[in-house]
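Q: Pasting data16.cif below, which is mmCIF, C-alpha atoms.
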```
data_target
loop_
_atom_site.group_PDB
_atom_site.id
_atom_site.type_symbol
_atom_site.label_atom_id
_atom_site.label_comp_id
_atom_site.auth_asym_id
_atom_site.auth_seq_id
_atom_site.Cartn_x
_atom_site.Cartn_y
_atom_site.Cartn_z
ATOM 1 C CA MET A 27 59.800 34.711 100.174
ATOM 2 C CA LYS A 28 59.631 33.469 96.608
ATOM 3 C CA PRO A 29 56.195 33.595 94.891
ATOM 4 C CA ALA A 30 56.165 29.830 94.293
ATOM 5 C CA LEU A 31 56.916 29.170 97.959
ATOM 6 C CA VAL A 32 54.206 31.611 99.043
ATOM 7 C CA LEU A 33 51.695 29.822 96.804
ATOM 8 C CA ALA A 34 52.683 26.422 98.179
ATOM 9 C CA SER A 35 52.335 27.711 101.749
ATOM 10 C CA CYS A 36 48.852 29.024 101.007
ATOM 11 C CA VAL A 37 47.796 25.673 99.565
ATOM 12 C CA VAL A 38 49.042 23.855 102.674
ATOM 13 C CA LEU A 39 47.271 26.303 104.987
ATOM 14 C CA LEU A 40 44.013 26.034 103.055
ATOM 15 C CA GLY A 41 44.181 22.272 103.248
ATOM 16 C CA ALA A 42 44.819 22.417 106.978
ATOM 17 C CA CYS A 43 41.919 24.827 107.534
ATOM 18 C CA ARG A 44 39.429 22.893 105.403
ATOM 19 C CA PRO A 45 36.903 21.175 107.706
ATOM 20 C CA GLN A 46 37.353 17.441 108.005
ATOM 21 C CA ALA A 47 34.500 15.201 106.893
ATOM 22 C CA PRO A 48 32.670 13.842 109.954
ATOM 23 C CA ARG A 49 33.417 10.305 111.092
ATOM 24 C CA TYR A 50 30.747 8.045 112.553
ATOM 25 C CA PRO A 51 31.312 5.592 115.432
ATOM 26 C CA VAL A 52 30.058 2.086 114.620
ATOM 27 C CA ALA A 53 29.717 -1.078 116.663
ATOM 28 C CA PRO A 54 31.067 -4.393 115.310
ATOM 29 C CA VAL A 55 29.224 -5.365 112.113
ATOM 30 C CA GLU A 56 26.456 -7.966 112.292
ATOM 31 C CA VAL A 57 25.498 -10.161 109.318
ATOM 32 C CA SER A 58 21.992 -11.619 109.138
ATOM 33 C CA GLY A 59 19.949 -13.753 106.731
ATOM 34 C CA THR A 60 20.220 -17.275 105.417
ATOM 35 C CA THR A 61 21.811 -16.356 102.071
ATOM 36 C CA VAL A 62 25.305 -16.056 103.544
ATOM 37 C CA ARG A 63 25.125 -19.434 105.263
ATOM 38 C CA ASP A 64 26.413 -22.392 103.220
ATOM 39 C CA ASN A 65 26.234 -20.348 100.022
ATOM 40 C CA ALA A 66 28.247 -22.216 97.384
ATOM 41 C CA LEU A 67 27.970 -19.284 94.952
ATOM 42 C CA LEU A 68 29.809 -16.983 97.353
ATOM 43 C CA GLY A 69 31.970 -19.567 99.071
ATOM 44 C CA LEU A 70 32.129 -17.329 102.163
ATOM 45 C CA ALA A 71 30.927 -17.822 105.716
ATOM 46 C CA PRO A 72 29.093 -14.941 107.448
ATOM 47 C CA GLU A 73 32.357 -13.992 109.150
ATOM 48 C CA GLY A 74 34.003 -13.593 105.752
ATOM 49 C CA VAL A 75 31.218 -11.327 104.522
ATOM 50 C CA ALA A 76 31.444 -9.278 107.731
ATOM 51 C CA THR A 77 35.209 -8.927 107.227
ATOM 52 C CA LEU A 78 34.762 -7.669 103.655
ATOM 53 C CA PHE A 79 32.138 -5.182 104.788
ATOM 54 C CA THR A 80 34.315 -3.938 107.654
ATOM 55 C CA GLU A 81 37.100 -3.364 105.105
ATOM 56 C CA ALA A 82 34.679 -1.359 102.929
ATOM 57 C CA LEU A 83 33.766 0.786 105.937
ATOM 58 C CA LYS A 84 37.428 1.428 106.749
ATOM 59 C CA SER A 85 38.249 2.241 103.117
ATOM 60 C CA SER A 86 35.584 4.954 103.093
ATOM 61 C CA GLY A 87 37.474 6.801 105.834
ATOM 62 C CA ARG A 88 34.168 7.838 107.414
ATOM 63 C CA PHE A 89 33.610 5.204 110.113
ATOM 64 C CA ASP A 90 35.325 4.615 113.456
ATOM 65 C CA PRO A 91 34.929 1.046 114.772
ATOM 66 C CA GLN A 92 34.086 1.015 118.473
ATOM 67 C CA ALA A 93 34.667 -1.771 120.961
ATOM 68 C CA GLU A 94 31.615 -3.438 122.479
ATOM 69 C CA ASP A 95 32.476 -1.856 125.855
ATOM 70 C CA ALA A 96 32.720 1.685 124.432
ATOM 71 C CA PRO A 97 31.531 4.485 126.773
ATOM 72 C CA ARG A 98 27.783 5.084 126.729
ATOM 73 C CA GLU A 99 28.142 8.705 125.618
ATOM 74 C CA VAL A 100 29.714 7.577 122.322
ATOM 75 C CA ARG A 101 26.410 6.108 121.080
ATOM 76 C CA PRO A 102 27.796 4.136 118.111
ATOM 77 C CA TRP A 103 25.646 3.146 115.171
ATOM 78 C CA ARG A 104 24.786 -0.545 114.992
ATOM 79 C CA LEU A 105 25.075 -1.852 111.428
ATOM 80 C CA THR A 106 23.287 -5.034 110.389
ATOM 81 C CA LEU A 107 23.994 -6.329 106.884
ATOM 82 C CA ASP A 108 21.580 -8.661 105.115
ATOM 83 C CA VAL A 109 22.336 -10.321 101.774
ATOM 84 C CA PRO A 110 18.845 -11.347 100.615
ATOM 85 C CA PHE A 111 19.933 -12.987 97.354
ATOM 86 C CA THR A 112 22.772 -14.109 95.123
ATOM 87 C CA ARG A 113 21.860 -15.120 91.578
ATOM 88 C CA GLU A 114 23.085 -15.524 88.034
ATOM 89 C CA VAL A 115 21.093 -13.752 85.318
ATOM 90 C CA LEU A 116 21.088 -13.231 81.561
ATOM 91 C CA LYS A 117 20.651 -9.867 79.857
ATOM 92 C CA ASP A 118 19.067 -9.156 76.494
ATOM 93 C CA GLY A 119 21.628 -8.918 73.715
ATOM 94 C CA ASP A 120 24.560 -10.047 75.903
ATOM 95 C CA PRO A 121 25.917 -13.584 75.512
ATOM 96 C CA ARG A 122 27.469 -13.501 78.979
ATOM 97 C CA SER A 123 25.715 -14.245 82.242
ATOM 98 C CA TYR A 124 25.999 -11.889 85.215
ATOM 99 C CA ALA A 125 26.426 -12.484 88.916
ATOM 100 C CA GLU A 126 24.126 -10.336 91.047
ATOM 101 C CA VAL A 127 24.231 -9.814 94.805
ATOM 102 C CA GLY A 128 21.633 -7.800 96.698
ATOM 103 C CA ALA A 129 22.328 -6.189 100.066
ATOM 104 C CA SER A 130 20.309 -4.343 102.680
ATOM 105 C CA LEU A 131 22.016 -2.399 105.464
ATOM 106 C CA THR A 132 20.174 -1.357 108.612
ATOM 107 C CA LEU A 133 21.564 1.517 110.684
ATOM 108 C CA GLU A 134 20.304 1.808 114.256
ATOM 109 C CA ARG A 135 21.265 3.955 117.220
ATOM 110 C CA PHE A 136 19.785 3.958 120.695
ATOM 111 C CA GLY A 137 20.118 6.021 123.843
ATOM 112 C CA GLY A 138 18.984 9.449 122.633
ATOM 113 C CA ASP A 139 15.569 11.082 122.748
ATOM 114 C CA LEU A 140 14.279 8.584 120.176
ATOM 115 C CA PRO A 141 15.708 5.404 118.661
ATOM 116 C CA GLN A 142 17.021 6.047 115.149
ATOM 117 C CA HIS A 143 16.477 3.456 112.435
ATOM 118 C CA TYR A 144 17.376 3.710 108.744
ATOM 119 C CA GLU A 145 17.855 1.284 105.887
ATOM 120 C CA VAL A 146 19.807 1.507 102.630
ATOM 121 C CA VAL A 147 19.921 -1.065 99.823
ATOM 122 C CA GLY A 148 22.173 -1.889 96.890
ATOM 123 C CA LEU A 149 22.681 -4.278 93.989
ATOM 124 C CA GLY A 150 26.113 -5.393 92.843
ATOM 125 C CA GLU A 151 26.766 -7.148 89.545
ATOM 126 C CA ALA A 152 29.706 -8.534 87.602
ATOM 127 C CA PRO A 153 29.988 -10.484 84.328
ATOM 128 C CA VAL A 154 30.890 -14.171 84.587
ATOM 129 C CA ALA A 155 34.170 -14.260 82.670
ATOM 130 C CA LYS A 156 34.703 -18.046 82.893
ATOM 131 C CA ASP A 157 31.921 -20.585 82.408
ATOM 132 C CA SER A 158 32.969 -22.700 85.376
ATOM 133 C CA PRO A 159 32.200 -22.984 89.108
ATOM 134 C CA THR A 160 35.388 -21.044 89.854
ATOM 135 C CA GLY A 161 34.502 -18.337 87.339
ATOM 136 C CA ARG A 162 31.015 -17.972 88.794
ATOM 137 C CA GLN A 163 32.368 -17.725 92.319
ATOM 138 C CA GLU A 164 34.895 -15.070 91.280
ATOM 139 C CA ALA A 165 32.118 -13.034 89.661
ATOM 140 C CA MET A 166 29.958 -13.363 92.796
ATOM 141 C CA ARG A 167 32.814 -12.101 94.957
ATOM 142 C CA VAL A 168 33.272 -9.062 92.677
ATOM 143 C CA ALA A 169 29.518 -8.374 92.765
ATOM 144 C CA LEU A 170 29.538 -8.715 96.558
ATOM 145 C CA GLN A 171 32.398 -6.238 96.953
ATOM 146 C CA SER A 172 30.596 -3.845 94.616
ATOM 147 C CA VAL A 173 27.368 -3.909 96.615
ATOM 148 C CA LEU A 174 29.254 -3.513 99.891
ATOM 149 C CA ARG A 175 30.821 -0.314 98.546
ATOM 150 C CA GLN A 176 27.363 0.850 97.423
ATOM 151 C CA VAL A 177 25.701 0.411 100.816
ATOM 152 C CA THR A 178 28.733 1.971 102.526
ATOM 153 C CA ASP A 179 28.423 5.070 100.315
ATOM 154 C CA SER A 180 24.655 5.169 100.890
ATOM 155 C CA ALA A 181 25.177 4.887 104.651
ATOM 156 C CA VAL A 182 27.500 7.908 104.533
ATOM 157 C CA LEU A 183 24.871 9.857 102.582
ATOM 158 C CA GLN A 184 22.156 8.861 105.061
ATOM 159 C CA LEU A 185 24.153 9.813 108.150
ATOM 160 C CA ALA A 186 25.254 13.085 106.542
ATOM 161 C CA ALA A 187 21.607 13.880 105.740
ATOM 162 C CA LEU A 188 20.754 13.747 109.441
ATOM 163 C CA GLU A 189 22.950 16.801 109.978
ATOM 164 C CA ARG A 190 21.460 18.814 107.115
ATOM 165 C CA THR A 191 18.714 21.413 107.485
ATOM 166 C CA ASP A 192 15.223 20.876 106.112
ATOM 167 C CA ASP A 193 15.818 23.489 103.417
ATOM 168 C CA ALA A 194 19.025 21.759 102.300
ATOM 169 C CA LEU A 195 17.245 18.388 102.165
ATOM 170 C CA VAL A 196 14.414 19.850 100.084
ATOM 171 C CA GLN A 197 17.099 21.038 97.645
ATOM 172 C CA ASP A 198 18.560 17.499 97.643
ATOM 173 C CA LEU A 199 15.214 16.173 96.402
ATOM 174 C CA ARG A 200 16.169 17.617 93.000
ATOM 175 C CA ALA A 201 19.690 16.134 92.963
ATOM 176 C CA ASP A 202 20.895 14.082 89.987
ATOM 177 C CA ASP A 203 22.085 11.283 92.291
ATOM 178 C CA SER A 204 19.098 9.013 93.013
ATOM 179 C CA ARG A 205 20.664 7.841 96.279
ATOM 180 C CA LEU A 206 20.934 11.427 97.506
ATOM 181 C CA ARG A 207 17.280 12.009 96.588
ATOM 182 C CA ASP A 208 16.228 8.852 98.451
ATOM 183 C CA VAL A 209 18.044 9.654 101.698
ATOM 184 C CA ALA A 210 16.768 13.238 101.595
ATOM 185 C CA LEU A 211 13.214 11.983 101.134
ATOM 186 C CA HIS A 212 13.400 9.472 103.974
ATOM 187 C CA THR A 213 15.040 11.962 106.312
ATOM 188 C CA LEU A 214 12.342 14.558 105.592
ATOM 189 C CA ALA A 215 9.684 11.903 106.130
ATOM 190 C CA ASP A 216 11.281 11.003 109.453
ATOM 191 C CA ARG A 217 11.028 14.684 110.412
ATOM 192 C CA GLN A 218 7.361 14.779 109.314
ATOM 193 C CA HIS A 219 8.189 17.469 106.742
ATOM 194 C CA PRO A 220 5.248 18.244 104.400
ATOM 195 C CA ALA A 221 7.471 18.124 101.298
ATOM 196 C CA ALA A 222 7.908 14.375 101.746
ATOM 197 C CA ALA A 223 4.262 13.267 101.561
ATOM 198 C CA PRO A 224 3.563 13.989 97.844
ATOM 199 C CA LEU A 225 6.735 12.182 96.771
ATOM 200 C CA LEU A 226 5.964 9.184 98.969
ATOM 201 C CA ILE A 227 2.467 9.027 97.492
ATOM 202 C CA GLU A 228 3.997 8.954 94.008
ATOM 203 C CA GLN A 229 6.241 6.108 95.156
ATOM 204 C CA LEU A 230 3.152 4.328 96.438
ATOM 205 C CA LYS A 231 1.537 4.603 93.009
ATOM 206 C CA ASP A 232 4.648 3.391 91.193
ATOM 207 C CA ALA A 233 5.748 0.585 93.536
ATOM 208 C CA THR A 234 5.538 -2.881 91.987
ATOM 209 C CA ASP A 235 6.598 -5.199 94.823
ATOM 210 C CA ALA A 236 4.895 -5.791 98.157
ATOM 211 C CA ASP A 237 7.921 -4.898 100.287
ATOM 212 C CA SER A 238 8.253 -1.444 98.691
ATOM 213 C CA LEU A 239 4.522 -0.861 99.085
ATOM 214 C CA ARG A 240 4.593 -1.815 102.759
ATOM 215 C CA LYS A 241 7.635 0.339 103.495
ATOM 216 C CA THR A 242 6.170 3.423 101.799
ATOM 217 C CA MET A 243 2.771 2.799 103.330
ATOM 218 C CA GLY A 244 4.332 2.529 106.793
ATOM 219 C CA THR A 245 6.129 5.847 106.364
ATOM 220 C CA LEU A 246 2.916 7.582 105.303
ATOM 221 C CA VAL A 247 1.129 6.102 108.317
ATOM 222 C CA GLU A 248 3.841 7.451 110.631
ATOM 223 C CA MET A 249 3.385 10.878 109.021
ATOM 224 C CA LYS A 250 -0.418 10.661 109.370
ATOM 225 C CA ALA A 251 -0.573 11.828 105.746
ATOM 226 C CA ARG A 252 -4.304 12.119 105.061
ATOM 227 C CA THR A 253 -3.671 12.932 101.407
ATOM 228 C CA ALA A 254 -2.523 9.313 101.064
ATOM 229 C CA VAL A 255 -5.921 7.881 102.054
ATOM 230 C CA PRO A 256 -7.590 8.020 98.584
ATOM 231 C CA VAL A 257 -4.481 6.467 97.005
ATOM 232 C CA LEU A 258 -4.503 3.643 99.569
ATOM 233 C CA ILE A 259 -8.216 3.068 98.909
ATOM 234 C CA ASP A 260 -7.525 2.750 95.177
ATOM 235 C CA LEU A 261 -4.564 0.483 95.928
ATOM 236 C CA ALA A 262 -6.818 -1.992 97.742
ATOM 237 C CA ARG A 263 -8.768 -2.804 94.591
ATOM 238 C CA GLY A 264 -7.872 -6.197 93.174
ATOM 239 C CA LYS A 265 -5.368 -7.056 95.907
ATOM 240 C CA GLU A 266 -5.378 -10.324 97.846
ATOM 241 C CA LEU A 267 -7.343 -10.266 101.095
ATOM 242 C CA GLY A 268 -4.361 -10.227 103.460
ATOM 243 C CA PHE A 269 -2.945 -7.130 101.812
ATOM 244 C CA VAL A 270 -6.369 -5.452 101.781
ATOM 245 C CA GLN A 271 -6.516 -5.963 105.545
ATOM 246 C CA GLU A 272 -3.104 -4.277 105.881
ATOM 247 C CA ILE A 273 -4.378 -1.307 103.866
ATOM 248 C CA VAL A 274 -7.512 -1.127 105.994
ATOM 249 C CA PHE A 275 -5.455 -0.879 109.181
ATOM 250 C CA ALA A 276 -3.137 1.699 107.562
ATOM 251 C CA VAL A 277 -6.126 3.858 106.599
ATOM 252 C CA GLY A 278 -7.421 3.580 110.158
ATOM 253 C CA GLU A 279 -4.053 4.626 111.603
ATOM 254 C CA ILE A 280 -3.967 7.724 109.389
ATOM 255 C CA GLY A 281 -7.537 8.679 110.220
ATOM 256 C CA GLY A 282 -9.643 11.597 109.022
ATOM 257 C CA PRO A 283 -13.185 11.884 107.594
ATOM 258 C CA GLU A 284 -12.359 10.095 104.328
ATOM 259 C CA ALA A 285 -10.716 7.219 106.196
ATOM 260 C CA GLU A 286 -13.674 6.951 108.550
ATOM 261 C CA ALA A 287 -16.206 6.854 105.703
ATOM 262 C CA TYR A 288 -14.192 4.170 103.870
ATOM 263 C CA LEU A 289 -13.840 1.979 106.975
ATOM 264 C CA TYR A 290 -17.571 2.258 107.699
ATOM 265 C CA THR A 291 -18.449 1.219 104.139
ATOM 266 C CA VAL A 292 -16.059 -1.739 104.189
ATOM 267 C CA ALA A 293 -17.206 -2.852 107.642
ATOM 268 C CA GLN A 294 -20.814 -2.849 106.474
ATOM 269 C CA GLY A 295 -20.583 -4.339 103.016
ATOM 270 C CA HIS A 296 -17.302 -6.016 101.992
ATOM 271 C CA ASP A 297 -17.658 -9.473 100.480
ATOM 272 C CA ALA A 298 -14.981 -11.011 102.739
ATOM 273 C CA PRO A 299 -15.883 -11.364 106.446
ATOM 274 C CA ALA A 300 -12.200 -11.102 107.420
ATOM 275 C CA VAL A 301 -11.908 -7.714 105.711
ATOM 276 C CA GLN A 302 -15.190 -6.593 107.282
ATOM 277 C CA ALA A 303 -13.856 -7.530 110.713
ATOM 278 C CA ALA A 304 -10.561 -5.721 110.067
ATOM 279 C CA ALA A 305 -12.405 -2.574 108.996
ATOM 280 C CA GLN A 306 -14.647 -2.677 112.079
ATOM 281 C CA GLN A 307 -11.613 -3.137 114.333
ATOM 282 C CA ALA A 308 -9.809 -0.222 112.648
ATOM 283 C CA LEU A 309 -12.975 1.886 112.934
ATOM 284 C CA ASP A 310 -13.368 1.104 116.645
ATOM 285 C CA THR A 311 -9.719 2.021 117.245
ATOM 286 C CA LEU A 312 -10.203 5.268 115.325
ATOM 287 C CA TYR A 313 -13.297 6.150 117.379
ATOM 288 C CA ALA A 314 -11.488 5.350 120.639
ATOM 289 C CA SER A 315 -8.474 7.426 119.617
ATOM 290 C CA ARG A 316 -10.674 10.381 118.703
ATOM 291 C CA LYS A 317 -12.602 10.118 121.963
ATOM 292 C CA HIS A 318 -9.354 9.997 123.943
ATOM 293 C CA SER A 319 -7.896 13.032 122.184
ATOM 294 C CA THR A 320 -11.138 14.970 122.721
ATOM 295 C CA ALA A 321 -11.098 14.151 126.435
ATOM 296 C CA GLU A 322 -7.496 15.271 126.695
ATOM 297 C CA ALA A 323 -8.347 18.547 124.965
ATOM 298 C CA ARG A 324 -11.153 19.214 127.450
ATOM 299 C CA GLY A 325 -8.858 18.512 130.384
ATOM 300 C CA PRO A 326 -9.377 16.515 133.590
ATOM 301 C CA GLY A 327 -12.035 18.843 134.980
ATOM 302 C CA HIS A 328 -14.625 17.884 132.333
ATOM 303 C CA ALA A 329 -16.803 14.779 132.212
ATOM 304 C CA ASP A 330 -17.370 12.841 128.968
#
```
The structure given in the file should be rewritten as structure tokens.

A:
Amino acid sequence: MKPALVLASCVVLLGACRPQAPRYPVAPVEVSGTTVRDNALLGLAPEGVATLFTEALKSSGRFDPQAEDAPREVRPWRLTLDVPFTREVLKDGDPRSYAEVGASLTLERFGGDLPQHYEVVGLGEAPVAKDSPTGRQEAMRVALQSVLRQVTDSAVLQLAALERTDDALVQDLRADDSRLRDVALHTLADRQHPAAAPLLIEQLKDATDADSLRKTMGTLVEMKARTAVPVLIDLARGKELGFVQEIVFAVGEIGGPEAEAYLYTVAQGHDAPAVQAAAQQALDTLYASRKHSTAEARGPGHAD
């Protein structure tokens, strides 16, 4: 056999032996939110947005659409796309305006040991080339297609992260790609891995909007990360009363001596009666939870 032919045969065999990237079964796409209804900037009905997103999923080559009556053992992922905003913005030093489209994609799967729930977000943008309604709509469509590709890529990263080991995910925390770092962090947090808590606490310190704060706070509560308690206590200073109540309940859910001391102080002396009541309720729940866990540890043969 000629050397060139041998080389070509080797290349073909290597390609055939290379493991295929995993494909993920998905149920028909759902589109939620009011932004895609009667949106003149997009000029698309929800069905049109769902069609564009389904095309983005197919183009990735990583998703297998499943019929609604697919066998139970398939357990497809349910994808819900939300487009929270479409807007036109100006940028410093640029005479053009830009179309921006935000998207949030929720990935859910049921039927296993635990329900699985993840969320990825993206922001698409495109310059408005023509200062006209048609030009603005064209730019919005380009921005929409861009953000749909972003959330598709992020969904692939998130689902791939579920199959990676803890050690590999800890390595991903130092990746150059911010999306890879984010999915690694959230996957480790979901697994209650101790490497996630310090990074989530840093996110808590740096977060500027209420939604990001609530999401990070909720993850720390699920992890019962007691190292987050002093940061949450500091975070409560200067916040509006409703948010302070949320922090109070989060501190109570995490628990621990520092949380208990804080709740007692707030219940006894906060200026706002509503916050006092929230702290007392959180404290009572914490006491009841501790009493229950102590009784369980003693076993059924012991009296309280």

Q: Evaluate the PyMOL selection byres ((chain A and resi 303-311) around 12) on the structure here and hand back the selected residues as a compact mmCIF listing (two decimals) with C-alpha atoms, in the frame of the given file.

A:
```txt
# COMPACT_ATOMS: atom_id res chain seq x y z
CA LEU A 267 -7.34 -10.27 101.10
CA GLY A 268 -4.36 -10.23 103.46
CA PHE A 269 -2.94 -7.13 101.81
CA VAL A 270 -6.37 -5.45 101.78
CA GLN A 271 -6.52 -5.96 105.54
CA GLU A 272 -3.10 -4.28 105.88
CA ILE A 273 -4.38 -1.31 103.87
CA VAL A 274 -7.51 -1.13 105.99
CA PHE A 275 -5.46 -0.88 109.18
CA ALA A 276 -3.14 1.70 107.56
CA VAL A 277 -6.13 3.86 106.60
CA GLY A 278 -7.42 3.58 110.16
CA GLU A 279 -4.05 4.63 111.60
CA ILE A 280 -3.97 7.72 109.39
CA GLY A 281 -7.54 8.68 110.22
CA GLY A 282 -9.64 11.60 109.02
CA PRO A 283 -13.18 11.88 107.59
CA GLU A 284 -12.36 10.10 104.33
CA ALA A 285 -10.72 7.22 106.20
CA GLU A 286 -13.67 6.95 108.55
CA ALA A 287 -16.21 6.85 105.70
CA TYR A 288 -14.19 4.17 103.87
CA LEU A 289 -13.84 1.98 106.98
CA TYR A 290 -17.57 2.26 107.70
CA THR A 291 -18.45 1.22 104.14
CA VAL A 292 -16.06 -1.74 104.19
CA ALA A 293 -17.21 -2.85 107.64
CA GLN A 294 -20.81 -2.85 106.47
CA GLY A 295 -20.58 -4.34 103.02
CA HIS A 296 -17.30 -6.02 101.99
CA ASP A 297 -17.66 -9.47 100.48
CA ALA A 298 -14.98 -11.01 102.74
CA PRO A 299 -15.88 -11.36 106.45
CA ALA A 300 -12.20 -11.10 107.42
CA VAL A 301 -11.91 -7.71 105.71
CA GLN A 302 -15.19 -6.59 107.28
CA LEU A 312 -10.20 5.27 115.32
CA TYR A 313 -13.30 6.15 117.38
CA ALA A 314 -11.49 5.35 120.64
CA SER A 315 -8.47 7.43 119.62
CA ARG A 316 -10.67 10.38 118.70
CA LYS A 317 -12.60 10.12 121.96
CA HIS A 318 -9.35 10.00 123.94
```

Q: Go through region 237-321 of chain A residue by residue and, counting only C-alpha atoms, keep those with an atom at most 9 Å from region 210-228 of chain A; for each kept residue give the shortest atom pair and its distance in Å to one decimal, ordered by chain and increasing number, as CSV.

A:
```
residue,atom,partner,partner_atom,distance
A:Thr242,CA,A:Leu226,CA,6.4
A:Met243,CA,A:Leu226,CA,8.4
A:Thr245,CA,A:Ala215,CA,7.0
A:Leu246,CA,A:Ala223,CA,6.9
A:Glu248,CA,A:Gln218,CA,8.2
A:Met249,CA,A:Gln218,CA,5.6
A:Lys250,CA,A:Gln218,CA,8.8
A:Ala251,CA,A:Ala223,CA,6.6
A:Thr253,CA,A:Ala223,CA,7.9
A:Ala254,CA,A:Ile227,CA,6.1
A:Val257,CA,A:Ile227,CA,7.4
```

Q: I'd like to know which of A:Ala169, A:Ala152, A:Val57, A:Ala71 is closest to Ser130 (chain A), using all atoms listed in the file.

A: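 Looking at the shortest contact to Ser130 (chain A), the residue is A:Val57.
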
Q: On this structure, which residues satisfy the PyMOL selection byres ((chain A and resi 75-80) around 12), written as a PyMOL selection string?

A: chain A and resi 52-59+61-63+65+68-74+81-92+105-109+129+131+166-168+170-179

Q: Using the chain letters and residue numbers of this document, give as a list in words the residues selected by the PyMOL selection byres ((chain A and resi 117-124) around 9).

A: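 That expression, the PyMOL selection byres ((chain A and resi 117-124) around 9), corresponds here to Arg113, Glu114, Val115, Leu116, Ala125, Glu126, Glu151, Ala152, Pro153, Val154, Ala155, Asp157, Arg162, Ala165 and Met166 of chain A.
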
Q: Using all atoms listed in the file for the distances, tell me which of A:Arg135, A:Arg104, A:Arg200, A:Arg205 is nearest to Gly148 (chain A).

A: A:Arg205

Q: So what do you get for CA of Gln184 (chain A) versus CA of Thr112 (chain A), distance-wise?

A: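 Answer for the CA of Gln184 (chain A) to CA of Thr112 (chain A) separation: 25.0 Å.
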
Q: Using only C-alpha atoms, can you tell me which of A:Val182, A:Leu140, A:Leu67, A:Val127 comes closest to Pro48 (chain A)?

A: A:Val182

Q: If you measure from CA of Val146 (chain A) to CA of Ser180 (chain A), what distance in Å do you get, rounded to one decimal?

A: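 About the pair CA of Val146 (chain A) and CA of Ser180 (chain A): they are 6.3 Å apart.
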
Q: What does the structure give for the distance between CA of Ala194 (chain A) and CA of Arg207 (chain A), in Å to one decimal?

A: 11.4 Å

Q: As JSON, what would the box around region 252-260 of chain A look like: edges along x, y and z, 6 Å added on every side, centre and edge lengths in Å to one decimal?

A:
```
{"center_x": -5.4, "center_y": 7.8, "center_z": 100.1, "size_x": 17.7, "size_y": 22.2, "size_z": 21.9}
```

Q: Quick one: of A:Ala187, A:Val255, A:Pro51, A:Leu261, who's nearest to Leu199 (chain A), counting all atoms listed in the file?

A: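 Answer, going by the shortest atom-to-atom distance: A:Ala187.
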